[in-house]
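S.K.: Dropping the structure in here first, questions after.
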Amino acid sequence: KSPETFLFFIMIPYTGEFLSMVGVVGLEVHAQIQSTSKLFSGSHVRFLAPPNSLVSHFDASLPGTLPVLNRRCVEAAVLTGLALNCTINRKSLFDRKHYFYADMPAGYQITQQRVPIAVNGMLVYSHFEGRRRNQVVTKSVKIKQIQLEQDSGKSLHDDEQSQTLIDLNRAGVGLMELVMEPEMCCGEEAAAAVRELQLILQALGTCQANMAEGQLRVDANVSVHRPGEPLGVRTEVKNINSVRHLAKAIDYEIQRQMEVLQSAGKVLNETRAFDSKSGNTIPMRDKEGLQDYRFMPEPNLPPLFVYESKASVPAGVDPAQVVVIDRLSAQLPELPSVKRTRLVETYGILQEHSFTLVNEDGLMDYFENVVQTTKAEPRKVIGWVIKELMGNLNSQNLKVSQSPISPCALAELINLAESGHISSSTAKQVFQEMWKAPEKTVGQIVKEQDLWMINDKEELQKICRRIVDSHPEEVNPNKVLNKLMGEVQRETKGRTDPVQVRAILEKMVS
Amino acid sequence: FARASRALRPTHPRCGVLTLPALSDIGSASGTSWSRWTYKRESSNSAWNSKVPQIPTWEPVAENQLPPPTRVSPDLVDKLERLALVDFGSKEGVDCLEKAIRFADQLHDINTDGVEPMDSVLEDRELYLRDDMITEGECAEDLLQLAKHTVEEYFVAPPGNIPLPKREERSSMLKHSEF
């Protein structure tokens with residue numbers, strides 16, 4: 001579904017005019033910071049561990065404990081802000097957001113509501129349009145702010161015993177909350193934006209961004225309106241565990257709201273949960289009207305200062321102990337968009353291919369490796385990498401690092417095909433054989449199965465003669481040629497160059 | 001401070017006006033800066049030179065200078081009780097709150113144009129940033145012992161938030177409770 005399919009037509013009475021409603025989507029992303037210890041305490045950050053084993057006295061909110069800010073978390077937020085073209089606030093403040101829930105023992109969450117660490121950024125993303133999905137469209141969405149905040153613990157609901165089990169291992173882990181402006185119009189745009197954000201965070205190393213493991217959590221604020229009119233009532237959609245679900249949930253919600261309005265109903269300002277089984281959003285219970293979080297400054301944390309350069313660090317302060325923006329700028333790695341541009345410019349491959357190379361972990365390195373080792377043009381190599389290699393990896397659910405065929409082996413195979421020692425169809429066959437038997441070299445397989453290309457002109461003439469003679473009845477020249485070529489390929493088990501064979505047959509038949 | 005404690009209980013230098021002259025006999029010429037200070041003070045002015053005003057200097061703020069008094073409606077009381085889980089209990093509790101708000105209203109009398117709000121007295125101190133190392137945790141047993149009710153190393157809570165009962169139900173609950 002492309003954005004265009006979300007125009008919902010409503011006829012205005014008496015005027016006969018058509019007005020179209022569009023969806024408005026704003027995302028709130030919580031990215032778990034990749035650090036060894038938590039945001040305000042020295043407990044270990046790890047996904048799987050015995051319950052409540054990674055919990056310090058502060059995380060359990062025991063009285064008398066105080067927060068101590070982790071420098072790595074501040075650096076992660078600044079790096080992410082820089083990569084997303086944000087303005088980094090030299091001074092930012094911490095606040096308390098109060099609400100009661102069993103997995104947040106303090107009764108408040110330490111966050112940055114008034115002055116967050118980074119503001120006014122932009123995320124540039126692309127998605128594919130057109131019938132064949134190969135037209136790249138680049139869009140952008142403004143990032144309102146990035147703030148540091150604490151994660152809550154995990155609740156396991158035991159409906160049978162009517163109780164909730166609380167594990168505080170995750171309580172206090174550092175999160176970066178990224179708030180985007182409501183500039184997107186549908187699920188596809190949101191999905192593309194989140195995919196690009198995942199790549200950026202992974203390239204920076206500030207977040208592993210795996211949605212299934214909860215390292216990246218996305219909530220969507222969805223409303224509908226007619227362009228030019230004020231924004232409609234919005235609902236918040238939660239419980240989205242993958243990028244695909246994100247697109248589905250948003251599209252469903254937009255559709256639902258349009259239908260509600262069309263039947264003269266009203267959209268309620270509520271929180272809805274996405275149900276992956278049905279693909280619907282359902283209202284969440286436990287909603288106590290509009291929440292008042294009673295924000296107040298966090299009294300235990302003075303303002304956070306980050307410095308422009310080593311020179312702006314005040315005297316008497318150890319530069320190694322503070323966050324210096326210049327130092328972090330210098331550490332920024334090559335971002336995905338830059339990588340893709342470089343691939344297209346250096347190797348002359350298509351834009352859509354550059355997306356595949358950058359999206360798949362390790363594929364770009366694999367590709368560049370093969371290109372350097374083989375004599376063939378990058379455009380030929382890309383075909384092998386995207387069709388044959390990725391095809392096999394996807395069907396067996398393997399990662400690039402698990403490929404049984406190494407870049408060297410693939411390069412060898414491509415060289416053989418390019419130099420005419422084997423035909424292109426044979427090469428594909430050999431590829432599959434290599435996949436099954438990675439211990440054998442290319443040469444071994446070709447030799448064992450006698451797959452060498454038949455280049456001997458005399459031999460080719462003999463074979464073609466034989467085929468032509470055994471098919472005397474054909475009349476239509478084009479049909480005849482294709483059929484005869486097919487016969488030759490079959491007889492030689494694909495070990496012939498179609499171009500040469502066609503030339504010989506043409507002469508014989510005419 | 002060993003010498004000071006010999007003669008007196010350890011007090012802040014600013015207190016104990018009457019006993020200071022005696023202290024200067026104890027050890028004036030020696031090293032401690034504290035005794036040097038008392039010596040110096042002794043020599044500058046014989047009268048006690050405290051920074052605390054001897055008579056009150058504030059004036060009560062007139063009612064007409066204050067904004068209109070805030071009334072806390074029963075609905076607001078209900079909302080506050082729900083949000084903060086505190087019990088105002090009675091009309092006296094609400095009166096006390098309204099008086100406290102009135103007292104704080106005096107702050108409106110101060111001209112704060114161009115003054116940045118301060119929310120921490122530590123605002124010109126460096127916020128200490130610690131290294132990203134594991135220094136705590138692995139004390140599940142100690143923490144779980146603090147809870148009356150645990151299940152296999154998990155804390156136990158009721159399923160979801162239990163909504164605070166409405167005011168009318170609550171007062172009848174209290175009537176039958178021990179409080």
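Residue numbering restarts at 1 for every chain of the structure tokens, chains are lettered A, B, ... in their displayed order, and ligands are numbered from 1 as they appear.
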Excluding His127 (chain A) and its own-chain neighbours fewer than 6 positions away, which residues fall within 7 Å of it when counting only C-alpha atoms? Please give them as a PyMOL selection string.
M.R.: chain A and resi 136-138+192
S.K.: Taking only C-alpha atoms into account, find every residue of chain B that has an atom no more than 7 Å from chain A, and write it out as a PyMOL selection string.
M.R.: chain B and resi 119-120+122-123+127+129-140+153-159+161
S.K.: Between A:Arg342, A:His245, A:Lys238, A:Arg114, single out the one closest to Glu270 (chain A), counting only C-alpha atoms.
M.R.: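 When distances to Glu270 (chain A) are compared using only C-alpha atoms, the smallest one comes from A:Lys238.
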S.K.: Would you compute the distance between CA of Lys440 (chain A) and CA of Gln402 (chain A)? Give it in Å to one decimal.
M.R.: 16.9 Å
S.K.: Take CA of Asn111 (chain B) and CA of Arg96 (chain A) and report the distance between them in Å, one decimal.
M.R.: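 Separating CA of Asn111 (chain B) from CA of Arg96 (chain A) is a distance of 27.6 Å.
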S.K.: Which residues are close to Pro230 (chain A), i.e. within 12 Å by only C-alpha atoms, leaving aside same-chain residues fewer than 5 positions away? Reply as a list in words.
M.R.: Met21, Val22, Val24, Ser223, Val224 and His225 of chain A
S.K.: Store the residues picked out above in a file with C-alpha atoms, as a short mmCIF file (atom, residue, chain, number, x, y, z; two decimals), in the first residue's frame.
M.R.:
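Writing done, so here's part_37.cif:
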data_model
loop_
_atom_site.label_atom_id
_atom_site.label_comp_id
_atom_site.auth_asym_id
_atom_site.auth_seq_id
_atom_site.Cartn_x
_atom_site.Cartn_y
_atom_site.Cartn_z
CA MET A 21 -8.87 12.76 4.53
CA VAL A 22 -5.31 11.88 5.31
CA VAL A 24 -1.24 12.01 10.52
CA SER A 223 -5.07 10.92 13.89
CA VAL A 224 -6.87 11.81 10.66
CA HIS A 225 -7.99 15.12 9.14
#
S.K.: Do a neighbour search on Pro116 (chain A) at 12 Å with only C-alpha atoms, toss out local chain neighbours closer than 3 positions, and write the hits as a count of residues only.
M.R.: 33
S.K.: Rank A:Gly205, A:Pro438, A:Gly443, A:Pro105 by their smallest atom-to-atom distance to Asn415 (chain A), using only C-alpha atoms, and report the top residue only.
M.R.: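 Closest to Asn415 (chain A), using only C-alpha atoms: A:Gly443.
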S.K.: Taking the chain letters and numbering used in this document, name the residues of region 264-374 of chain A that DSSP puts in strand (DSSP E or B), as a list in words.
M.R.: Thr271, Arg272, Ala273, Phe274, Asp275, Asn280, Thr281, Ile282, Pro283, Met296, Pro297, Leu304, Phe305, Tyr307 and Val324 of chain A
S.K.: Can I get the selected residues back with N, CA, C and O atoms, as a PDB file, in the first residue's frame?
M.R.:
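Final output, selection21.pdb:
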ATOM      1  N   THR A 271      -5.681   5.318  24.588  1.00  0.00           N
ATOM      2  CA  THR A 271      -4.532   4.483  24.284  1.00  0.00           C
ATOM      3  C   THR A 271      -5.052   3.139  23.801  1.00  0.00           C
ATOM      4  O   THR A 271      -5.909   2.542  24.432  1.00  0.00           O
ATOM      5  N   ARG A 272      -4.519   2.672  22.674  1.00  0.00           N
ATOM      6  CA  ARG A 272      -4.964   1.400  22.139  1.00  0.00           C
ATOM      7  C   ARG A 272      -3.772   0.463  21.981  1.00  0.00           C
ATOM      8  O   ARG A 272      -2.665   0.911  21.712  1.00  0.00           O
ATOM      9  N   ALA A 273      -4.018  -0.815  22.129  1.00  0.00           N
ATOM     10  CA  ALA A 273      -2.951  -1.799  21.989  1.00  0.00           C
ATOM     11  C   ALA A 273      -3.109  -2.503  20.652  1.00  0.00           C
ATOM     12  O   ALA A 273      -4.227  -2.768  20.206  1.00  0.00           O
ATOM     13  N   PHE A 274      -1.988  -2.797  20.006  1.00  0.00           N
ATOM     14  CA  PHE A 274      -2.037  -3.521  18.739  1.00  0.00           C
ATOM     15  C   PHE A 274      -2.073  -5.013  19.012  1.00  0.00           C
ATOM     16  O   PHE A 274      -1.251  -5.547  19.763  1.00  0.00           O
ATOM     17  N   ASP A 275      -3.030  -5.705  18.410  1.00  0.00           N
ATOM     18  CA  ASP A 275      -3.118  -7.149  18.564  1.00  0.00           C
ATOM     19  C   ASP A 275      -2.601  -7.776  17.276  1.00  0.00           C
ATOM     20  O   ASP A 275      -3.257  -7.708  16.238  1.00  0.00           O
ATOM     21  N   ASN A 280      -5.608  -5.781  14.498  1.00  0.00           N
ATOM     22  CA  ASN A 280      -6.436  -4.648  14.926  1.00  0.00           C
ATOM     23  C   ASN A 280      -5.825  -3.948  16.125  1.00  0.00           C
ATOM     24  O   ASN A 280      -4.952  -4.481  16.791  1.00  0.00           O
ATOM     25  N   THR A 281      -6.362  -2.742  16.385  1.00  0.00           N
ATOM     26  CA  THR A 281      -5.985  -2.083  17.642  1.00  0.00           C
ATOM     27  C   THR A 281      -7.205  -2.151  18.549  1.00  0.00           C
ATOM     28  O   THR A 281      -8.342  -2.005  18.095  1.00  0.00           O
ATOM     29  N   ILE A 282      -6.946  -2.433  19.827  1.00  0.00           N
ATOM     30  CA  ILE A 282      -8.070  -2.520  20.773  1.00  0.00           C
ATOM     31  C   ILE A 282      -7.806  -1.576  21.940  1.00  0.00           C
ATOM     32  O   ILE A 282      -6.654  -1.368  22.321  1.00  0.00           O
ATOM     33  N   PRO A 283      -8.877  -0.985  22.498  1.00  0.00           N
ATOM     34  CA  PRO A 283      -8.656  -0.038  23.587  1.00  0.00           C
ATOM     35  C   PRO A 283      -8.013  -0.745  24.774  1.00  0.00           C
ATOM     36  O   PRO A 283      -8.344  -1.895  25.080  1.00  0.00           O
ATOM     37  N   MET A 296       8.297  17.703  38.427  1.00  0.00           N
ATOM     38  CA  MET A 296       9.026  18.620  39.308  1.00  0.00           C
ATOM     39  C   MET A 296      10.518  18.423  39.033  1.00  0.00           C
ATOM     40  O   MET A 296      10.930  17.354  38.572  1.00  0.00           O
ATOM     41  N   PRO A 297      11.353  19.419  39.290  1.00  0.00           N
ATOM     42  CA  PRO A 297      12.784  19.237  39.055  1.00  0.00           C
ATOM     43  C   PRO A 297      13.328  18.140  39.965  1.00  0.00           C
ATOM     44  O   PRO A 297      12.903  18.008  41.108  1.00  0.00           O
ATOM     45  N   LEU A 304      23.068  19.232  33.991  1.00  0.00           N
ATOM     46  CA  LEU A 304      24.091  18.494  33.260  1.00  0.00           C
ATOM     47  C   LEU A 304      24.714  19.429  32.229  1.00  0.00           C
ATOM     48  O   LEU A 304      24.013  20.000  31.393  1.00  0.00           O
ATOM     49  N   PHE A 305      26.024  19.591  32.297  1.00  0.00           N
ATOM     50  CA  PHE A 305      26.725  20.425  31.319  1.00  0.00           C
ATOM     51  C   PHE A 305      27.514  19.539  30.371  1.00  0.00           C
ATOM     52  O   PHE A 305      28.175  18.600  30.797  1.00  0.00           O
ATOM     53  N   TYR A 307      30.359  20.074  27.110  1.00  0.00           N
ATOM     54  CA  TYR A 307      31.221  21.150  26.640  1.00  0.00           C
ATOM     55  C   TYR A 307      31.516  21.027  25.157  1.00  0.00           C
ATOM     56  O   TYR A 307      31.633  19.945  24.604  1.00  0.00           O
ATOM     57  N   VAL A 324      32.692  15.960  26.090  1.00  0.00           N
ATOM     58  CA  VAL A 324      33.154  16.994  25.171  1.00  0.00           C
ATOM     59  C   VAL A 324      32.620  16.679  23.780  1.00  0.00           C
ATOM     60  O   VAL A 324      32.887  15.612  23.226  1.00  0.00           O
TER      61      VAL A 324
END
S.K.: Arg465 (chain A): which residues within 10 Å, counting only C-alpha atoms, same-chain residues fewer than 6 positions away excluded, as number ranges by chain?
M.R.: A: 459, 504-505, 508-509
S.K.: Keeping only N, CA and C atoms, write the selected residues as an mmCIF file, in the first residue's frame.
M.R.:
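That gives us selection-v9.cif:
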data_model
loop_
_atom_site.group_PDB
_atom_site.id
_atom_site.type_symbol
_atom_site.label_atom_id
_atom_site.label_comp_id
_atom_site.auth_asym_id
_atom_site.auth_seq_id
_atom_site.Cartn_x
_atom_site.Cartn_y
_atom_site.Cartn_z
ATOM 1 N N GLU A 459 33.031 -29.344 -31.989
ATOM 2 C CA GLU A 459 32.125 -30.096 -31.129
ATOM 3 C C GLU A 459 30.745 -29.460 -31.169
ATOM 4 N N ILE A 504 25.322 -20.437 -34.575
ATOM 5 C CA ILE A 504 25.526 -21.657 -35.369
ATOM 6 C C ILE A 504 24.202 -22.179 -35.909
ATOM 7 N N LEU A 505 23.204 -22.223 -35.047
ATOM 8 C CA LEU A 505 21.904 -22.755 -35.455
ATOM 9 C C LEU A 505 21.277 -21.883 -36.534
ATOM 10 N N MET A 508 22.636 -22.804 -39.751
ATOM 11 C CA MET A 508 22.212 -24.133 -40.196
ATOM 12 C C MET A 508 20.785 -24.142 -40.691
ATOM 13 N N VAL A 509 19.957 -23.381 -40.020
ATOM 14 C CA VAL A 509 18.526 -23.440 -40.327
ATOM 15 C C VAL A 509 18.167 -22.639 -41.570
#
S.K.: Once DSSP has gone over the backbone, tell me which residues of region 311-442 of chain A are in helix (DSSP H, G or I), as number ranges by chain.
M.R.: A: 311-312, 319-321, 325-331, 336-347, 351-359, 363-373, 378-395, 400-402, 407-418, 424-436, 442
